[in-house]
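Participant: Please read through the structure below; I'll follow up with questions.
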Amino acid sequence: MHVYREEMHKYEYFLDDKNSLRYNRLEVKRDDLHAICICPECEEELPFSLWRVGDFLREKLVILRSDDPEIKRKGDFVLYRGKVYKITDDYNGRVYKLTENGRWLNLLHLILVEDELIADILGADLEGESDA
């Protein structure tokens, strides 16, 4: 994952005893609210904040195109690569423009269903739908 964050550096410039220009760095401020997260696979900007990077890397948060051929969907649940995810209400239906291709895509924001019993039941149901 690549993350771009803005930093502001505060310097004090002054002239020394020999009239040479010198400076001291006084402060560094980071703007974490305006961090840009870049997908390591497609190199596109990801539509979530810096605070979700850990979940993304742990595959607890997945961002997929709604027409991804690897997903099996039923209502608010998705089976993807053997794991069950819930479509989050926070992002459902939002459309994002991805920078490289300049296309508007409907992206699903999926949160891993961590309760194993529920995941097994939902997974079997989703698998059964594709076999029918």
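Residues are referred to by chain and number: the chain letter is A, B, ... according to the order shown in the structure tokens, the number counts from 1 in that chain, and ligands are numbered separately from 1 in the order shown.
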Show which residues sit within 6 Å of region 20-37 of chain A, as a list of chain:residue names. Count only C-alpha atoms, and ignore same-chain residues fewer than 5 positions away.

Facilitator: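 With the cut-off at 6 Å, the set is A:His2, A:Val3, A:Tyr4, A:Arg5, A:Glu6, A:Glu7, A:Met8, A:His9, A:Lys10, A:Tyr11, A:Glu12, A:Tyr13, A:Phe14, A:Leu15, A:Glu45, A:Leu46.
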
Participant: Enumerate, as a PyMOL selection string, the complete set of residues in chain A that a backbone-based DSSP assignment places in strand (DSSP E).

Facilitator: chain A and resi 2-15+21-38+61-65+71-74+77-80+83-87+95-97+104-112

Participant: Taking the chain letters and numbering used in this document, name the residues of chain A that DSSP puts in alpha helix (DSSP H), as a PDB file with N, CA and C atoms, in the first residue's frame.

Facilitator:
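The resulting file, out05.pdb, is shown below:
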```pdb
ATOM      1  N   VAL A  53      -6.450   1.593   6.419  1.00  0.00           N
ATOM      2  CA  VAL A  53      -5.360   0.886   5.740  1.00  0.00           C
ATOM      3  C   VAL A  53      -5.104  -0.483   6.372  1.00  0.00           C
ATOM      4  N   GLY A  54      -5.055  -0.566   7.695  1.00  0.00           N
ATOM      5  CA  GLY A  54      -4.811  -1.841   8.364  1.00  0.00           C
ATOM      6  C   GLY A  54      -5.858  -2.880   8.014  1.00  0.00           C
ATOM      7  N   ASP A  55      -7.132  -2.485   8.024  1.00  0.00           N
ATOM      8  CA  ASP A  55      -8.206  -3.412   7.656  1.00  0.00           C
ATOM      9  C   ASP A  55      -8.063  -3.862   6.209  1.00  0.00           C
ATOM     10  N   PHE A  56      -7.676  -2.955   5.327  1.00  0.00           N
ATOM     11  CA  PHE A  56      -7.490  -3.297   3.916  1.00  0.00           C
ATOM     12  C   PHE A  56      -6.365  -4.310   3.753  1.00  0.00           C
ATOM     13  N   LEU A  57      -5.238  -4.075   4.404  1.00  0.00           N
ATOM     14  CA  LEU A  57      -4.094  -4.986   4.282  1.00  0.00           C
ATOM     15  C   LEU A  57      -4.374  -6.350   4.907  1.00  0.00           C
ATOM     16  N   GLU A 116     -17.431 -16.902  12.707  1.00  0.00           N
ATOM     17  CA  GLU A 116     -17.230 -18.081  11.862  1.00  0.00           C
ATOM     18  C   GLU A 116     -18.528 -18.835  11.564  1.00  0.00           C
ATOM     19  N   LEU A 117     -19.402 -18.966  12.551  1.00  0.00           N
ATOM     20  CA  LEU A 117     -20.655 -19.685  12.335  1.00  0.00           C
ATOM     21  C   LEU A 117     -21.521 -18.971  11.296  1.00  0.00           C
ATOM     22  N   ILE A 118     -21.663 -17.667  11.462  1.00  0.00           N
ATOM     23  CA  ILE A 118     -22.459 -16.878  10.509  1.00  0.00           C
ATOM     24  C   ILE A 118     -21.816 -16.927   9.126  1.00  0.00           C
ATOM     25  N   ALA A 119     -20.487 -16.788   9.062  1.00  0.00           N
ATOM     26  CA  ALA A 119     -19.779 -16.833   7.783  1.00  0.00           C
ATOM     27  C   ALA A 119     -19.979 -18.186   7.103  1.00  0.00           C
ATOM     28  N   ASP A 120     -19.936 -19.282   7.869  1.00  0.00           N
ATOM     29  CA  ASP A 120     -20.136 -20.612   7.294  1.00  0.00           C
ATOM     30  C   ASP A 120     -21.544 -20.767   6.731  1.00  0.00           C
ATOM     31  N   ILE A 121     -22.541 -20.294   7.480  1.00  0.00           N
ATOM     32  CA  ILE A 121     -23.927 -20.393   7.026  1.00  0.00           C
ATOM     33  C   ILE A 121     -24.137 -19.563   5.758  1.00  0.00           C
ATOM     34  N   LEU A 122     -23.665 -18.325   5.792  1.00  0.00           N
ATOM     35  CA  LEU A 122     -23.824 -17.446   4.624  1.00  0.00           C
ATOM     36  C   LEU A 122     -23.032 -17.973   3.430  1.00  0.00           C
ATOM     37  N   GLY A 123     -21.827 -18.459   3.697  1.00  0.00           N
ATOM     38  CA  GLY A 123     -20.992 -18.994   2.622  1.00  0.00           C
ATOM     39  C   GLY A 123     -21.655 -20.176   1.939  1.00  0.00           C
ATOM     40  N   ALA A 124     -22.228 -21.097   2.739  1.00  0.00           N
ATOM     41  CA  ALA A 124     -22.923 -22.253   2.165  1.00  0.00           C
ATOM     42  C   ALA A 124     -24.128 -21.801   1.342  1.00  0.00           C
ATOM     43  N   ASP A 125     -24.854 -20.808   1.846  1.00  0.00           N
ATOM     44  CA  ASP A 125     -26.013 -20.270   1.129  1.00  0.00           C
ATOM     45  C   ASP A 125     -25.587 -19.643  -0.199  1.00  0.00           C
ATOM     46  N   LEU A 126     -24.526 -18.862  -0.174  1.00  0.00           N
ATOM     47  CA  LEU A 126     -24.044 -18.222  -1.405  1.00  0.00           C
ATOM     48  C   LEU A 126     -23.505 -19.247  -2.401  1.00  0.00           C
ATOM     49  N   GLU A 127     -22.796 -20.253  -1.906  1.00  0.00           N
ATOM     50  CA  GLU A 127     -22.297 -21.332  -2.781  1.00  0.00           C
ATOM     51  C   GLU A 127     -23.463 -22.098  -3.384  1.00  0.00           C
ATOM     52  N   GLY A 128     -24.484 -22.373  -2.571  1.00  0.00           N
ATOM     53  CA  GLY A 128     -25.665 -23.107  -3.036  1.00  0.00           C
ATOM     54  C   GLY A 128     -26.394 -22.383  -4.137  1.00  0.00           C
ATOM     55  N   GLU A 129     -26.429 -21.068  -4.072  1.00  0.00           N
ATOM     56  CA  GLU A 129     -27.113 -20.261  -5.095  1.00  0.00           C
ATOM     57  C   GLU A 129     -26.455 -20.433  -6.450  1.00  0.00           C
ATOM     58  N   SER A 130     -25.120 -20.533  -6.452  1.00  0.00           N
ATOM     59  CA  SER A 130     -24.431 -20.646  -7.740  1.00  0.00           C
ATOM     60  C   SER A 130     -24.552 -22.045  -8.312  1.00  0.00           C
ATOM     61  N   ASP A 131     -24.777 -23.040  -7.438  1.00  0.00           N
ATOM     62  CA  ASP A 131     -24.945 -24.413  -7.918  1.00  0.00           C
ATOM     63  C   ASP A 131     -26.346 -24.679  -8.446  1.00  0.00           C
TER      64      ASP A 131
END
```

Participant: Counting only C-alpha atoms, figure out which residue out of A:Val62, A:Ile87, A:Ser49, A:Met1 gets nearest to Lys74 (chain A).

Facilitator: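 Looking only at the distances to Lys74 (chain A), the closest residue turns out to be A:Ile87.
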
Participant: When you draw a straight line from CA of Ser66 (chain A) to CA of His109 (chain A), how long is it in Å?

Facilitator: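 According to the coordinates, CA of Ser66 (chain A) and CA of His109 (chain A) are separated by 9.4 Å.
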
Participant: So the first atom is CA of Asp115 (chain A) and the second is CA of Ile71 (chain A); what is the distance between them in Å, to one decimal place?

Facilitator: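 So the answer is 19.8 Å.
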